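Student: Structure: coords.txt, compact mmCIF, C-alpha atoms.
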# COMPACT_ATOMS: atom_id res chain seq x y z
CA MET A 247 16.93 -16.36 -16.49
CA LYS A 248 13.87 -14.16 -16.02
CA GLU A 249 12.48 -11.46 -18.30
CA ARG A 250 10.72 -8.32 -17.10
CA PRO A 251 9.36 -5.12 -18.69
CA ILE A 252 10.86 -1.71 -17.97
CA LEU A 253 9.63 1.76 -18.97
CA PHE A 254 11.83 4.30 -20.75
CA SER A 255 11.04 7.75 -22.11
CA ALA A 256 11.73 8.70 -25.74
CA PRO A 257 15.10 10.42 -25.04
CA MET A 258 16.26 7.38 -23.05
CA VAL A 259 15.14 5.02 -25.82
CA ARG A 260 17.18 7.00 -28.32
CA ALA A 261 20.19 6.97 -25.99
CA ILE A 262 19.95 3.18 -25.63
CA LEU A 263 19.68 2.67 -29.39
CA GLU A 264 22.71 4.92 -29.90
CA GLY A 265 24.73 2.94 -27.34
CA LYS A 266 25.02 5.94 -25.03
CA LYS A 267 22.91 4.61 -22.15
CA THR A 268 24.01 1.49 -20.30
CA GLN A 269 22.73 2.29 -16.79
CA THR A 270 19.42 3.22 -15.23
CA ARG A 271 18.63 4.39 -11.70
CA ARG A 272 15.30 3.74 -10.02
CA ALA A 273 14.25 4.70 -6.49
CA VAL A 274 14.32 1.87 -3.96
CA LYS A 275 11.01 1.22 -2.22
CA PRO A 276 10.73 -0.45 1.19
CA ARG A 277 9.98 -4.18 0.91
CA LYS A 278 7.99 -6.33 3.27
CA ASP A 279 10.11 -9.17 4.58
CA VAL A 280 8.47 -12.45 3.61
CA VAL A 281 9.69 -14.25 6.74
CA PHE A 282 9.14 -11.79 9.56
CA GLY A 283 6.49 -9.57 8.00
CA CYS A 284 8.45 -6.43 8.87
CA LEU A 285 9.15 -3.54 6.51
CA MET A 286 12.75 -3.52 5.26
CA GLN A 287 14.02 -0.01 4.61
CA PRO A 288 16.16 0.95 1.58
CA HIS A 289 19.40 1.04 3.59
CA GLU A 290 18.76 -2.50 4.80
CA LEU A 291 18.10 -3.66 1.25
CA ALA A 292 21.31 -1.94 0.19
CA GLY A 293 23.27 -4.06 2.64
CA GLU A 294 21.72 -7.25 1.30
CA VAL A 295 22.11 -6.41 -2.38
CA ASN A 296 25.63 -5.08 -2.19
CA SER A 297 26.78 -8.14 -0.25
CA GLY A 298 25.79 -10.31 -3.19
CA ILE A 299 22.09 -11.05 -2.68
CA PHE A 300 20.34 -9.69 -5.78
CA GLU A 301 16.91 -11.31 -5.39
CA ASN A 302 15.48 -8.13 -3.83
CA CYS A 303 15.89 -6.09 -7.01
CA PRO A 304 12.51 -5.79 -8.77
CA TYR A 305 14.30 -5.40 -12.11
CA GLY A 306 16.19 -8.68 -11.87
CA GLN A 307 19.77 -9.79 -11.40
CA PRO A 308 22.80 -10.21 -13.66
CA GLY A 309 21.94 -12.49 -16.56
CA ASP A 310 18.23 -11.63 -16.49
CA ARG A 311 16.66 -9.68 -19.32
CA LEU A 312 14.53 -6.58 -19.62
CA TRP A 313 12.27 -5.69 -22.52
CA VAL A 314 11.72 -2.00 -23.08
CA ARG A 315 8.29 -0.44 -22.97
CA GLU A 316 8.06 2.86 -24.85
CA ASN A 317 5.31 4.92 -26.43
CA PHE A 318 4.15 3.15 -29.57
CA GLN A 319 1.72 3.41 -32.46
CA PRO A 320 0.09 0.19 -33.67
CA LEU A 321 -0.80 0.43 -37.34
CA PHE A 322 -2.40 -1.99 -39.75
CA ALA A 323 0.19 -4.09 -41.53
CA ASP A 324 0.32 -4.08 -45.33
CA GLY A 325 -2.86 -5.56 -46.74
CA ILE A 326 -4.80 -5.21 -43.47
CA GLU A 327 -7.68 -2.72 -43.45
CA ASN A 328 -9.99 -3.80 -40.62
CA HIS A 329 -9.60 -4.66 -36.94
CA TRP A 330 -11.24 -8.08 -37.34
CA GLU A 331 -8.24 -9.09 -39.44
CA THR A 332 -5.91 -8.51 -36.49
CA ASP A 333 -5.12 -10.25 -33.19
CA TRP A 334 -3.89 -7.97 -30.41
CA LYS A 335 -2.74 -10.88 -28.22
CA THR A 336 -0.20 -12.04 -30.78
CA GLY A 337 0.34 -8.89 -32.86
CA LYS A 338 -0.96 -10.55 -35.99
CA GLY A 339 -1.92 -7.95 -38.62
CA TYR A 340 -0.13 -5.06 -36.90
CA SER A 341 2.90 -2.98 -37.83
CA ILE A 342 4.45 -0.95 -35.01
CA SER A 343 5.76 2.58 -35.37
CA TYR A 344 7.86 4.11 -32.58
CA PRO A 345 7.43 7.88 -31.98
CA ALA A 346 10.84 8.09 -30.25
CA THR A 347 12.55 7.57 -33.61
CA ASP A 348 9.80 7.51 -36.25
CA GLY A 349 7.61 10.41 -35.19
CA VAL A 350 3.83 10.03 -35.27
CA GLN A 351 2.61 8.32 -38.41
CA GLU A 352 -0.66 9.32 -40.07
CA PHE A 353 -2.13 6.32 -41.83
CA PHE A 354 -5.75 6.14 -42.94
CA ASN A 355 -8.03 3.19 -43.63
CA LEU A 356 -10.61 2.90 -46.41
CA ASP A 357 -13.18 4.79 -44.32
CA ASP A 358 -10.78 7.74 -44.30
CA GLU A 359 -10.27 7.45 -40.55
CA LEU A 360 -7.01 7.25 -38.65
CA SER A 361 -6.19 3.56 -38.33
CA SER A 362 -4.56 3.96 -34.93
CA SER A 363 -3.35 6.50 -32.40
CA CYS A 364 -0.24 6.50 -30.24
CA LYS A 365 -0.42 4.50 -27.03
CA PRO A 366 1.49 5.09 -23.78
CA SER A 367 4.40 2.85 -22.91
CA ILE A 368 2.64 1.20 -19.97
CA HIS A 369 0.25 -0.47 -22.42
CA MET A 370 2.93 -1.90 -24.73
CA PRO A 371 2.62 -5.70 -25.09
CA ARG A 372 5.72 -7.86 -25.26
CA TRP A 373 5.37 -8.55 -28.97
CA ALA A 374 5.50 -4.84 -29.79
CA SER A 375 8.82 -4.21 -28.01
CA ARG A 376 11.88 -3.70 -30.22
CA ILE A 377 14.57 -3.45 -27.52
CA SER A 378 15.80 -6.24 -25.25
CA LEU A 379 18.47 -5.70 -22.59
CA GLU A 380 20.65 -8.06 -20.58
CA ILE A 381 21.40 -7.03 -17.00
CA THR A 382 25.15 -7.02 -16.38
CA GLY A 383 25.21 -5.57 -12.86
CA VAL A 384 22.99 -4.55 -9.95
CA ARG A 385 23.81 -2.47 -6.89
CA VAL A 386 22.18 -0.07 -4.45
CA GLU A 387 23.63 3.33 -3.57
CA ARG A 388 22.66 6.87 -2.72
CA LEU A 389 21.61 8.89 -5.75
CA ALA A 390 24.27 11.55 -5.17
CA ASP A 391 27.01 8.91 -5.26
CA LEU A 392 26.67 9.06 -9.04
CA SER A 393 30.08 9.63 -10.65
CA LYS A 394 30.78 11.58 -13.83
CA ASP A 395 31.31 8.32 -15.70
CA ASP A 396 27.99 7.04 -14.34
CA ALA A 397 26.25 10.18 -15.58
CA MET A 398 27.63 9.57 -19.07
CA SER A 399 26.43 5.96 -18.86
CA GLU A 400 22.95 7.31 -18.09
CA GLY A 401 22.78 8.93 -21.53
CA ILE A 402 24.44 12.29 -20.89
CA VAL A 403 26.75 13.24 -23.78
CA ILE A 404 29.34 15.92 -24.53
CA GLN A 405 27.83 18.85 -26.43
CA THR A 406 29.47 20.67 -29.34
CA ASP A 407 30.71 23.44 -27.03
CA GLY A 408 32.20 20.98 -24.55
CA GLY A 409 29.29 21.14 -22.12
CA PHE A 410 27.02 18.25 -21.19
CA GLY A 411 23.39 17.23 -21.71
CA LEU A 412 21.19 14.81 -23.56
CA ALA A 413 21.71 14.35 -27.28
CA ASP A 414 18.85 16.79 -27.96
CA SER A 415 20.74 19.44 -25.88
CA THR A 416 18.19 19.40 -23.04
CA HIS A 417 19.36 19.29 -19.41
CA TYR A 418 22.47 21.24 -20.40
CA ASN A 419 25.25 22.00 -17.96
CA PHE A 420 28.44 23.76 -18.91
CA CYS A 421 30.96 21.75 -16.90
CA ASP A 422 29.52 18.76 -15.01
CA PRO A 423 27.62 15.76 -16.42
CA THR A 424 26.35 14.87 -12.94
CA ASP A 425 24.51 18.21 -12.82
CA SER A 426 22.98 17.38 -16.20
CA PHE A 427 21.76 14.07 -14.83
CA ALA A 428 20.43 15.79 -11.71
CA SER A 429 18.32 18.01 -13.97
CA LEU A 430 17.08 14.94 -15.86
CA TRP A 431 16.26 13.13 -12.59
CA GLU A 432 14.21 16.05 -11.29
CA SER A 433 12.31 16.34 -14.58
CA ILE A 434 11.18 12.74 -14.08
CA ASN A 435 10.81 12.53 -10.31
CA GLY A 436 9.81 16.07 -9.35
CA ALA A 437 11.33 19.15 -7.76
CA GLY A 438 13.53 18.39 -4.75
CA SER A 439 13.94 14.72 -5.66
CA TRP A 440 17.67 15.09 -6.28
CA GLU A 441 18.33 16.94 -3.04
CA ALA A 442 16.42 14.22 -1.17
CA ASN A 443 19.26 11.88 -2.21
CA PRO A 444 17.26 8.63 -2.06
CA TRP A 445 18.62 5.12 -2.20
CA VAL A 446 18.43 3.89 -5.78
CA TRP A 447 18.77 0.67 -7.67
CA VAL A 448 21.59 0.96 -10.20
CA VAL A 449 20.94 -1.46 -13.04
CA GLU A 450 23.69 -1.86 -15.62
CA PHE A 451 22.82 -3.47 -18.94
CA ARG A 452 23.79 -4.13 -22.51
CA MET A 453 21.47 -4.05 -25.51
CA LEU A 454 20.93 -7.41 -27.15
CA PRO A 455 21.15 -7.69 -30.94
Transcribe the structure of this file into structure tokens.
Tutor:
Amino acid sequence: MKERPILFSAPMVRAILEGKKTQTRRAVKPRKDVVFGCLMQPHELAGEVNSGIFENCPYGQPGDRLWVRENFQPLFADGIENHWETDWKTGKGYSISYPATDGVQEFFNLDDELSSSCKPSIHMPRWASRISLEITGVRVERLADLSKDDAMSEGIVIQTDGGFGLADSTHYNFCDPTDSFASLWESINGAGSWEANPWVWVVEFRMLP
């Protein structure tokens, strides 16, 4: 079993915590073949992965684990007032607040200065992560092959009026959850990224207790 980090935005973190997100899609990048030195294209990787060879997936294979990186705010733990009482490598002396669910906390030290500011997810150390996932499935497919059930597994939920979107009502679509996910995908990957219909890794997971 291997363990790897993976980045998620605040809405996706909330969806995972609420049990509404059990899949993630990430664009497949060409990989240099270690034997022949040639560049394997996404469709070639798709053939390998979907025939049972999962080693090409940069996120792991079934049974491996992912730890979630999200925006975070390291704060002094109770009784800690100065940085020399802390150890960033181990997390000693720190208490972590998570903006996705806690908002931004304003805590002050004795010098009346903010004890810490929010940090981007890419800088989150392992000890600060609160969410661990177990990979239950890996496949490669075209982005537009996403089904309605898949879209719901990506965190899209039914709205009060019967439409679809994220829990915060963003990326709303009246009748089709796949269109809601398409809007979400483009907000992350840029205009035209859905229409490009790239090959994507589909990683299925369950949240560990």
Student: CA of Ala390 (chain A) to CA of Asn443 (chain A): how many Å, to one decimal?
Tutor: 5.8 Å
Student: Name the closest residue to Met370 (chain A) among the candidates A:Gln405, A:Ser393, A:Gln319, A:Thr332; distances are taken between atoms, counting only C-alpha atoms.
Tutor: A:Gln319
Student: So, with all atoms listed in the file as the atoms that count, which of A:Pro444, A:Gly438, A:Gly401, A:Gly309 lies closest to Ser255 (chain A)?
Tutor: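 Distance minimum relative to Ser255 (chain A) lands on A:Gly401.
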Student: Would you kindly return, as a count of residues only, each protein, DNA or RNA residue with an atom no farther than 10 Å from any atom of Pro455 (chain A), considering all atoms listed in the file and excluding same-chain residues fewer than 2 positions away?
Tutor: 5
Student: So the first atom is CA of Gly383 (chain A) and the second is CA of Trp445 (chain A); what is the distance between them in Å, to one decimal place?
Tutor: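 Going from CA of Gly383 (chain A) over to CA of Trp445 (chain A), I get 16.5 Å.
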Student: Skipping near chain neighbours, those fewer than 4 positions away, what residues fall within 10 Å of region 259-269 of chain A using all atoms listed in the file, listed as a short mmCIF file (atom, residue, chain, number, x, y, z; two decimals) with C-alpha atoms, in the frame of the given file?
Tutor:
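Printed below is out.cif as written:
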data_model
loop_
_atom_site.label_atom_id
_atom_site.label_comp_id
_atom_site.auth_asym_id
_atom_site.auth_seq_id
_atom_site.Cartn_x
_atom_site.Cartn_y
_atom_site.Cartn_z
CA LEU A 253 9.63 1.76 -18.97
CA PHE A 254 11.83 4.30 -20.75
CA SER A 255 11.04 7.75 -22.11
CA VAL A 314 11.72 -2.00 -23.08
CA ARG A 315 8.29 -0.44 -22.97
CA GLU A 316 8.06 2.86 -24.85
CA ASN A 317 5.31 4.92 -26.43
CA TYR A 344 7.86 4.11 -32.58
CA ALA A 346 10.84 8.09 -30.25
CA THR A 347 12.55 7.57 -33.61
CA ILE A 377 14.57 -3.45 -27.52
CA LEU A 379 18.47 -5.70 -22.59
CA ILE A 381 21.40 -7.03 -17.00
CA THR A 382 25.15 -7.02 -16.38
CA GLY A 383 25.21 -5.57 -12.86
CA VAL A 384 22.99 -4.55 -9.95
CA ASP A 396 27.99 7.04 -14.34
CA ALA A 397 26.25 10.18 -15.58
CA MET A 398 27.63 9.57 -19.07
CA SER A 399 26.43 5.96 -18.86
CA GLU A 400 22.95 7.31 -18.09
CA GLY A 401 22.78 8.93 -21.53
CA ILE A 402 24.44 12.29 -20.89
CA VAL A 403 26.75 13.24 -23.78
CA LEU A 412 21.19 14.81 -23.56
CA ALA A 413 21.71 14.35 -27.28
CA ASP A 414 18.85 16.79 -27.96
CA VAL A 448 21.59 0.96 -10.20
CA VAL A 449 20.94 -1.46 -13.04
CA GLU A 450 23.69 -1.86 -15.62
CA PHE A 451 22.82 -3.47 -18.94
CA ARG A 452 23.79 -4.13 -22.51
CA MET A 453 21.47 -4.05 -25.51
#
Student: What does the structure give for the distance between CA of Pro371 (chain A) and CA of Arg250 (chain A), in Å to one decimal?
Tutor: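 Pair CA of Pro371 (chain A) / CA of Arg250 (chain A) returns 11.7 Å.
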Student: What's the 7 Å shell around Arg272 (chain A), counting only C-alpha atoms, without same-chain residues fewer than 2 positions away, as a list in words?
Tutor: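 That gives Thr270, Val274, Val446, Trp447 and Val448 of chain A.
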Student: Neighbourhood query: residues within 12 Å of (14.4, -6.6, -8.8), file coordinates, counting all atoms listed in the file; return as a PyMOL selection string.
Tutor: chain A and resi 248-252+272-275+277+291+295+299-308+310-312+381+383-386+446-449
Student: Just the residues within 8 Å of Tyr340 (chain A), please, counting only C-alpha atoms, with nothing from its chain fewer than 6 positions along; format it as a PyMOL selection string.
Tutor: chain A and resi 320-323+332
Student: Measuring atom to atom with only C-alpha atoms, identify which of A:Phe318, A:Phe410, A:Trp440, A:Phe420 is nearest to Ala256 (chain A).
Tutor: A:Phe318
Student: From the set A:Lys394, A:Trp330, A:Gly293, A:Gly436, which residue has the shortest atom-to-atom contact distance to Asp422 (chain A), counting all atoms listed in the file?
Tutor: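 Among the listed residues, the smallest separation from Asp422 (chain A) belongs to A:Lys394.
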Student: Given the point (5.4, -9.9, -38.9) in the coordinates of this file, which residues lie within 12 Å, counting all atoms listed in the file, and how would they look as a PyMOL selection string?
Tutor: chain A and resi 322-324+332-333+336-342+373-374
